[in-house]
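The structure under discussion appears below in the form of C-alpha cells.
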Amino acid sequence: MTAATAGPVRVVGTGLLGASVGLGLRAHGVDVVLHDPSRTALALARDVGAGRPATADEPEPALVVVAAPPDVTADVVAAELAAHPGAVVTDVASVKGYVLDELHAAGADLTRYVGSHPMAGRERSGPSAAVPELFLGRPWVVVGSGASSDQAVLAVRSLAVDLGAVPVTMDAAAHDAAVAAVSHVPQVVASLVASRLVGTAPDALGLAGQGLRDVTRIAASDPALWTSILAANAGPVREVLAELRDDLDGVIGALDRADAAGGPEDVELGALARIADTIARGNDGVARIPGKHGGAHREYAVVTVLVPDTPGELARLLTQVGEAGVNLEDLTLEHAAGRPVGMANIAVLPAAAAHLESELTARGWRLAR
C-alpha cells in the first residue's frame with residue numbers, strides 16, 4: 001500500500017520510537033533522514049535500516065518527527081520549526097501539556113506543530129530494539145496546538161495510519177490525565193512493588209509465581225527516561241497517586257484491625273468489608289480494560305496445559321489448538337523455576353473450553369485443571 005506520508009521525513013532521535021518510525025516508513029518506501037546527537041545511536045539506526053544520516057545539502061523535509069525525552073522535547077521542536085519553515089513538526093513524547101506550554105512561552109510557530117503520542121513501547125530501548133510493527137493496531141494520540149493548521153493535523157494523522165496505528169484526537173490536558181492513570185502511575189506502582197524485592201530472601205523469591213511477574217514486568221524500565229516523564233507530568237500523576245495513597249491507608253487500617261483481633265470472626269465490623277471491597281473494585285476496574293476486539297474486557301475460559309521445555313513443543317501445542325478448530329483469544333506462559341516444564345494458559349471463549357480440553361487430552365497433552 002502506498003503511504004500517504006510524503007518524504008523526505010526527518011526523524012530527530014533514534015531510540016526505540018524514532019527508529020521504529022523510520023523502519024515503518026522505510027517499509028513503505030518513504031525517504032527517511034535521521035539525526036541524533038549520539039553518533040553511535042545514529043550509526044546503529046542506519047545499520048538496522050531506519051533511514052540514512054542527514055547530510056549538509058539535504059532537501060527540506062515535509063515532516064519532522066521529534067523523538068526525544070519530554071524535558072528536552074520542546075527545545076528540539078522549536079529548533080526544528082525554526083530550521084525548517086516549510087515542514088510540519090510533531091513529537092512522540094508521552095507528555096503533551098508541558099511541551100505545549102514551553103512552545104507557547106518560546107513563541108514557536110504553532111500552526112505547523114501538532115503533538116502526538118503513540119501508545120506503544122517495549123521493555124527494551126534503543127535502535128536495536130526498534131521494529132517496524134511497533135505501532136500496529138495501537139492508539140496514536142493526536143494533540144493539536146490550538147493553532148495547528150488542518151494540513152498539519154492531517155499530516156500527523158496520515159503518519160499514524162501509515163505506521164498501522166489508530167489515530168485518536170485529544171487535547172493536551174485530557175491526554176496527560178489519561179496517561180497518568182493508564183501508564184505513568186502503573187509504572188510507579190510496578191517499580192515500588194519490585195523495589196520491595198531487593199531485600200527479600202532468595203528462598204522467598206524462589207516461591208514467586210506469574211502474579212509477581214505480571215505486576216513487576218514494566219519495572220525493568222529506563223530510570224532516566226521515566227524521571228523525565230514523571231517530572232513533566234507531575235500534577236496528573238500526583239493526583240492519581242494521592243487517591244491511591246488514600247485507598248492504601250484504608251486497607252492498612254483494616255489490616256491493623258484484623259491483626260489485633262483473635263481471628264476472622266472477631267475482626268471489627270467493617271474491616272473485612274473494606275478489604276473485600278478493595279478486591280471487588282479491582283475486579284470492576286479490570287473489567288473496563290478494552291479487550292481483544294475493543295469495547296469492555298470480556299471473560300474467557302482458560303485452559304492450562306503443561307508444556308515440556310524443549311524446542312518446538314509450544315509451536316506444536318498452538319498448531320493443535322488450531323487443528324481443534326478453536327480460536328486462541330489470548331496466551332500467557334508461566335515458567336516453573338528449576339523444572340523442565342512450563343504452563344501455557346490458553347484463553348478461549350467459554351463455549352469452546354470443554355471441546356479444547358477433550359481434544360488436547362486425546363492428543364496426549366497434560367492439563368492443569
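Ordering of the C-alpha cells sets the chain letters (A, B, ...), residue numbers begin anew at 1 in every chain, and ligands are numbered from 1 in the order given.
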
Which residues in stretch 186-305 of chain A does DSSP call strand (DSSP E)? List them as a PyMOL selection string.
chain A and resi 301-305

Can you write just those residues out, C-alpha atoms, as a PDB file, in the first residue's frame?
ATOM      1  CA  ALA A 301     -12.251 -19.562  29.908  1.00  0.00           C
ATOM      2  CA  VAL A 302      -8.619 -20.546  30.483  1.00  0.00           C
ATOM      3  CA  VAL A 303      -7.278 -23.961  29.558  1.00  0.00           C
ATOM      4  CA  THR A 304      -3.902 -24.554  31.231  1.00  0.00           C
ATOM      5  CA  VAL A 305      -1.570 -27.001  29.506  1.00  0.00           C
TER       6      VAL A 305
END

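Here the DSSP assignment of helix (DSSP H, G or I), based on backbone atoms, applies within stretch 287-352 of chain A to Ala287, Glu313, Leu314, Ala315, Arg316, Leu317, Leu318, Thr319, Gln320, Val321, Gly322, Glu323, Pro350, Ala351 and Ala352 of chain A.
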
How would the residues just picked look written out with C-alpha atoms as a compact mmCIF listing (two decimals), in the first residue's frame?
# COMPACT_ATOMS: atom_id res chain seq x y z
CA ALA A 287 -13.49 -5.45 33.52
CA GLU A 313 6.66 -28.03 21.92
CA LEU A 314 4.87 -24.69 22.26
CA ALA A 315 4.58 -24.41 18.48
CA ARG A 316 3.13 -27.94 18.36
CA LEU A 317 0.58 -27.04 21.02
CA LEU A 318 -0.59 -23.89 19.23
CA THR A 319 -0.85 -25.77 15.94
CA GLN A 320 -3.05 -28.40 17.56
CA VAL A 321 -5.28 -25.76 19.14
CA GLY A 322 -5.91 -24.51 15.61
CA GLU A 323 -6.46 -28.04 14.32
CA PRO A 350 -16.22 -20.32 27.35
CA ALA A 351 -18.26 -22.43 24.92
CA ALA A 352 -15.04 -23.82 23.39

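You can rank A:His84, A:Arg46, A:Arg363, A:Arg288 by their closest distance to A:Val64 using only C-alpha atoms, and at the top of that list sits A:His84.
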
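Residue nearest A:Gly144, chosen from A:Val89, A:Leu192, A:Ala129, A:Leu23 and counting only C-alpha atoms: A:Val89.
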